[in-house]
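In what follows, a single structure is set out as structure tokens and then discussed.
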Amino acid sequence: MKNIFNRSLLIVSLLFIGTACSESYLDEVPLDRFSPENLLTSAAGYDAAVVSLYEGARQEHIIASNNFEYMTVGTDQTQWGRNDSRGNKDYSLLNSNLSATIIYWDWAFKEMIVKANLILENIDDPALDIAEADRNNIKGQALFFRGYTYNFLANIYGGVPIVRERITEPKFDFVRDSRADVLAFAAGDLELASQLLPTQVPDGRIPRAAAFHLLSEVYISLGMEKKDPTFYDKSIAAATKVISKEAGDYQIMTERFGPASSRPGDVFSDVFAEGQINWSQGNKEVMWAWQFENFTIGGTFTASSANNSIRYWGPEYDRTQSPNAKLNLPSDSLGRGIGVNSPTNYLKYDIWKIDPNDMRNSEYNIQRVFYYNNPADPEYFGKPIRTRKAANGKLYTVRNDGTITNFELDTLRMYYPYYRKINGTPVGNNVLSGNTVKDFSRMRVAETYLYRAEAYFRKGDLAKAADDINVVRSRAKAKLITAADVTEDFILDERSRELVVEEPRLRTLIRMGRLVDRVKKYNSKPSVPNGPSSGGTIQDFNRFWPIPQKVIDANTGAKFEQNPGYL
């Protein structure tokens with residue numbers, strides 16, 4: 001009996017099962033004021049449940065670890081900034097027992113889907129005293145997040161079980177729905193959400209435009225999965241709802257704006273300037289941003305719930321020392337990175353060859369010159385770090401007199417370009433945290449143009465695809481392209497130029513079926529001789545992640561298929 005009970009608890013935990021057996025004399029009405037029976041009786045109660053979905057969504061980028069950002073590391077863009085095999089630097093370690101594969105699964109099913117289903121279970125009950133507009137908004141947000149989560153799952157694991165309603169008793173016979181069915185289910189949720197959500201919302205909430213934006217992506221995936229080009233037309237129509245402002249007052253920003261416009265910079269840097277990420281702050285490009293606050297209950301009070309972008313993307317520049325052996329100091333302007341997402345040469349150099357003067361490559365958006373900042377060394381304090389390659393091909397610092405030092409710069413971990421999108425006020429005003437409280441742009445109109453361009457490309461209309469890409473490139477004052485330039489690889493490159501840091505690159509590559517070949521092409525150089533590399537170890541079956549083994553083991557009532565290639 002104990003083994004059966006433990007297995008029941010496991011499947012409940014794994015597969016987001018609810019509680020209780022109905023129609024039993026043991027049933028009780030919970031008296032706690034935070035139970036669903038007592039909380040979900042009013043608009044305020046339902047909104048509290050909706051807020052928990054936002055909190056869950058905000059945790060997405062840090063749930064796997066403070067040391068790994070699995071949605072980007074080990075792709076064409078970045079490698080793990082160490083010489084060991086972690087962080088998908090060795091893809092043979094990507095298996096069904098890897099903690100990240102389990103954590104993301106549990107986040108989706110135990111955190112997001114179970115909460116969305118709980119909200120959706122009775123929101124249509126006419127006995128609820130909730131105004132129609134409030135009811136529609138609550139339902140629309142829950143549907144959005146459920147669709148968002150299933151799209152996430154489809155682009156990590158492929159086919160997964162579709163759970164359409166809250167489960168209230170143990171279930172051991174889950175089976176995988178096809179990836180196409182999962183995507184179709186996500187599209188259905190998003191279609192309904194796009195009818196229910198308001199066009200104008202408070203900062204951080206989901207507007208109607210965000211639903212159409214995500215629909216545009218999901219329709220592309222459905223067109224590819226089902227080999228049905230009519231979905232590309234649906235994608236174009238969904239994106240056009242956003243671009244034409246039919247779904248809300250959102251647009252790509254083409255002129256400098258906000259307080260940042262009084263400082264040196266450009267319109268692209270303005271889009272990501274702290275204090276002007278949101279619509280109410282004059283930024284009409286960002287449809288949805290994760291919200292972070294300093295010293296605010298419900299905002300972020302600890303580093304574990306903050307914006308970890310600096311920690312992940314920032315080089316560990318405080319390990320750099322002057323020619324007089326004085327270490328640099330973590331600073332408010334750069335924060336404290338730990339070199340997690342070390343950019344590949346593709347991201348540092350290759351994507352800018354088409355036009356080095358692209359605004360997105362400017363000093364206001366990518367910092368490539370660093371300075372000695374330790375006042376304990378007045379000889380070098382405030383001076384730029386000068387470097388030179390030695391005969392052995394390694395990079396060293398240079399003294400004021402032009403001679404080379406013996407201090408080698410670790411270009412994998414501590415000295416590489418710094419994407420200024422990640423700048424922000426440190427959480428708790430503690431610069432050593434490596435985290436900020438700057439809001440994080442999650443969906444914006446520039447990407448909507450790139451989705452529509454991709455849909456046009458896939459249906460064969462290269463001229464219109466080029467037109468949409470050129471809207472994005474024109475804002476960046478970059479060289480415009482022609483229809484002949486439009487390829488799938490070019491679209492991926494343009495996404496890198498525009499969306500680095502913001503884009504969960506792993507999911508983009510998986511949804512486009514390009515993870516394996518792009519990683520092999522751009523991430524195969526070992527960081528040490530004969531060491532592992534993502535491109536050297538990735539195999540064709542890594543096109544999707546494995547299903548967590550504990551899910552398969554707990555599902556004793558039916559065969560739960562593993563993705564091919566994984567043991």
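Naming works like this for the structure tokens: A, B, ... for the chains as they're shown, residue 1 at the start of each chain, ligands 1 onward in shown order.
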
Could you pull the residues within 6 Å of stretch 459-476 of chain A, counting only C-alpha atoms, minus those fewer than 4 positions along the same chain, as number ranges by chain? A: 254, 358-359, 449, 453, 480, 482-483

Using N, CA, C and O atoms, can you write the selected residues to a file as a PDB file, in the first residue's frame?
```
ATOM      1  N   THR A 254      10.483  54.515 -33.982  1.00  0.00           N
ATOM      2  CA  THR A 254      11.442  54.961 -35.002  1.00  0.00           C
ATOM      3  C   THR A 254      12.126  56.277 -34.646  1.00  0.00           C
ATOM      4  O   THR A 254      13.055  56.699 -35.341  1.00  0.00           O
ATOM      5  N   ASP A 358      25.294  48.955 -38.604  1.00  0.00           N
ATOM      6  CA  ASP A 358      23.952  48.686 -38.096  1.00  0.00           C
ATOM      7  C   ASP A 358      23.829  49.283 -36.685  1.00  0.00           C
ATOM      8  O   ASP A 358      24.682  49.071 -35.826  1.00  0.00           O
ATOM      9  N   MET A 359      22.773  50.052 -36.454  1.00  0.00           N
ATOM     10  CA  MET A 359      22.579  50.703 -35.156  1.00  0.00           C
ATOM     11  C   MET A 359      22.633  49.714 -34.001  1.00  0.00           C
ATOM     12  O   MET A 359      23.122  50.026 -32.909  1.00  0.00           O
ATOM     13  N   TYR A 449       6.959  41.902 -36.858  1.00  0.00           N
ATOM     14  CA  TYR A 449       7.346  42.057 -38.268  1.00  0.00           C
ATOM     15  C   TYR A 449       8.170  40.857 -38.741  1.00  0.00           C
ATOM     16  O   TYR A 449       8.005  40.397 -39.882  1.00  0.00           O
ATOM     17  N   ALA A 453       7.307  38.335 -41.690  1.00  0.00           N
ATOM     18  CA  ALA A 453       8.286  38.105 -42.759  1.00  0.00           C
ATOM     19  C   ALA A 453       8.527  36.615 -42.942  1.00  0.00           C
ATOM     20  O   ALA A 453       8.622  36.117 -44.082  1.00  0.00           O
ATOM     21  N   LEU A 480      19.505  47.925 -46.467  1.00  0.00           N
ATOM     22  CA  LEU A 480      18.267  47.227 -46.814  1.00  0.00           C
ATOM     23  C   LEU A 480      18.559  46.044 -47.723  1.00  0.00           C
ATOM     24  O   LEU A 480      19.575  46.003 -48.414  1.00  0.00           O
ATOM     25  N   THR A 482      17.024  42.813 -50.486  1.00  0.00           N
ATOM     26  CA  THR A 482      16.087  42.542 -51.582  1.00  0.00           C
ATOM     27  C   THR A 482      15.456  41.179 -51.369  1.00  0.00           C
ATOM     28  O   THR A 482      15.868  40.403 -50.493  1.00  0.00           O
ATOM     29  N   ALA A 483      14.471  40.872 -52.190  1.00  0.00           N
ATOM     30  CA  ALA A 483      13.804  39.571 -52.098  1.00  0.00           C
ATOM     31  C   ALA A 483      14.797  38.430 -52.257  1.00  0.00           C
ATOM     32  O   ALA A 483      14.663  37.378 -51.616  1.00  0.00           O
TER      33      ALA A 483
END
```

Near stretch 378-382 of chain A, within 10 Å and counting only C-alpha atoms, which residues show up once chain neighbours fewer than 5 positions away are dropped, as a PyMOL selection string? chain A and resi 322-324+326+328+370-373+399-400

Within 9 Å of stretch 79-88 of chain A, counting only C-alpha atoms, which residues qualify if same-chain residues fewer than 5 places away don't, as an NGL selection string? :A and (67-70 or 72-74 or 93-94 or 315 or 338-344 or 411-414 or 523 or 526-528 or 531-534 or 537-538)

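Using only C-alpha atoms, the contacts of A:Gly265 at a cut-off of 12 Å, with sequence neighbours closer than 6 positions omitted, comprise Glu255, Arg256, Phe257, Gly258, Pro259, Val271, Phe272, Ala273, Met359, Arg360, Asn361, Ser362, Glu363, Tyr364, Asn365, Ile366 and Arg420 of chain A.
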
Grab the atom CA of A:Gly248 to atom CA of A:Tyr46 distance for me, in Å with one decimal place. 24.5 Å

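Closest approach to A:Gln195 among A:Ala376, A:Ala108, A:Ala133, A:Leu128: A:Ala133, based on only C-alpha atoms.
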
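With only C-alpha atoms as the atoms that count, the minimum distance from A:Asn555 to the choices A:Phe172, A:Asp134, A:Asn122, A:Tyr91 is reached by A:Phe172.
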
Here atom CA of A:Arg263 and atom CA of A:Phe440 stand apart by 21.1 Å

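Distance check against A:Ser433 using only C-alpha atoms: of A:Ile310, A:Leu395, A:Leu409, A:Ile351, the minimum falls on A:Ile310.
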
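Between atom CA of A:Arg135 and atom CA of A:Ser35 there is a distance of 19.7 Å.
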
Would you list the contacts of A:Ile277 as a count of residues only, taking every protein, DNA or RNA residue within 9 Å and counting only C-alpha atoms, but skipping same-chain residues closer than 5 positions in sequence? 13

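For A:Lys521, the set of protein, DNA and RNA residues having any atom at most 8 Å away, when counting only C-alpha atoms and skipping those fewer than 3 positions along the same chain, is Asp76, Asp517, Arg518, Ser524 and Gly535 of chain A.
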
Suppose we keep N, CA and C atoms; can you now write the selection as a CSV table (one decimal), in the first residue's frame?
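To be explicit, this is the file written out as part.csv:
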```
chain,number,residue,atom,x,y,z
A,76,ASP,N,23.3,28.3,-31.4
A,76,ASP,CA,24.2,28.9,-32.3
A,76,ASP,C,24.8,30.3,-31.7
A,517,ASP,N,21.7,21.6,-37.0
A,517,ASP,CA,22.6,22.0,-38.0
A,517,ASP,C,23.2,23.4,-37.7
A,518,ARG,N,22.5,24.3,-37.0
A,518,ARG,CA,23.0,25.6,-36.7
A,518,ARG,C,24.0,25.5,-35.6
A,524,SER,N,30.9,24.7,-32.8
A,524,SER,CA,31.6,23.4,-32.8
A,524,SER,C,33.1,23.6,-32.3
A,535,GLY,N,28.5,21.8,-30.8
A,535,GLY,CA,28.4,21.3,-32.1
A,535,GLY,C,29.1,20.0,-32.4
```

Go through stretch 166-323 of chain A and collect every residue that DSSP, computed from the backbone, puts in alpha helix (DSSP H); the answer should be as number ranges by chain. A: 179-196, 208-226, 230-243, 267-271, 309-313

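Among the candidate residues A:Arg507, A:Leu118, A:Asp377, A:Ile206, the one lying nearest to A:Leu327 is A:Asp377, with distances computed using only C-alpha atoms.
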
I'd like the contact shell of A:Ser216 - 12 Å cut-off, only C-alpha atoms, skipping same-chain residues fewer than 3 positions apart - returned as a PyMOL selection string. chain A and resi 151+183+186-187+190-191+194+209-213+219-223+231-243+445+447-456

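Using only C-alpha atoms, the smallest distance between any of A:Phe560, A:Tyr419, A:Leu567, A:Leu509 and A:Pro161 comes from A:Phe560.
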
Restricting to only C-alpha atoms, whichever of A:Leu334, A:Ile354, A:Val519, A:Leu347 is closest to A:Lys89 is A:Val519

With DSSP run on the backbone, what are the strand (DSSP E or B) residues within stretch 412-499 of chain A? I'd like them as a list in words. Tyr418, Tyr419, Pro426, Thr436, Phe440, Ser441, Arg442, Met443 and Arg444 of chain A

Could those residues be written to a file, using N, CA, C and O atoms, as a tab-separated table (two decimals), in the first residue's frame?
```tsv
chain	number	residue	atom	x	y	z
A	418	TYR	N	29.44	43.11	-24.34
A	418	TYR	CA	28.40	43.25	-23.32
A	418	TYR	C	27.17	43.87	-23.97
A	418	TYR	O	27.22	45.00	-24.46
A	419	TYR	N	26.05	43.11	-23.98
A	419	TYR	CA	24.82	43.60	-24.60
A	419	TYR	C	24.11	44.52	-23.62
A	419	TYR	O	23.69	44.10	-22.55
A	426	PRO	N	20.62	47.38	-9.78
A	426	PRO	CA	20.77	46.08	-9.10
A	426	PRO	C	19.63	45.82	-8.12
A	426	PRO	O	19.12	46.74	-7.48
A	436	THR	N	19.07	42.47	-11.72
A	436	THR	CA	18.52	43.82	-11.75
A	436	THR	C	17.02	43.79	-11.52
A	436	THR	O	16.39	42.73	-11.46
A	440	PHE	N	11.67	43.41	-18.16
A	440	PHE	CA	12.26	42.63	-19.25
A	440	PHE	C	11.30	42.56	-20.42
A	440	PHE	O	10.18	42.05	-20.29
A	441	SER	N	11.71	43.07	-21.56
A	441	SER	CA	10.87	43.03	-22.76
A	441	SER	C	10.68	41.61	-23.23
A	441	SER	O	11.63	40.91	-23.58
A	442	ARG	N	9.42	41.16	-23.25
A	442	ARG	CA	9.12	39.77	-23.63
A	442	ARG	C	8.50	39.66	-25.02
A	442	ARG	O	8.76	38.71	-25.74
A	443	MET	N	7.69	40.63	-25.40
A	443	MET	CA	7.08	40.63	-26.73
A	443	MET	C	7.05	42.06	-27.24
A	443	MET	O	6.55	42.95	-26.54
A	444	ARG	N	7.56	42.28	-28.44
A	444	ARG	CA	7.50	43.62	-29.01
A	444	ARG	C	7.27	43.56	-30.52
A	444	ARG	O	7.46	42.53	-31.16
```
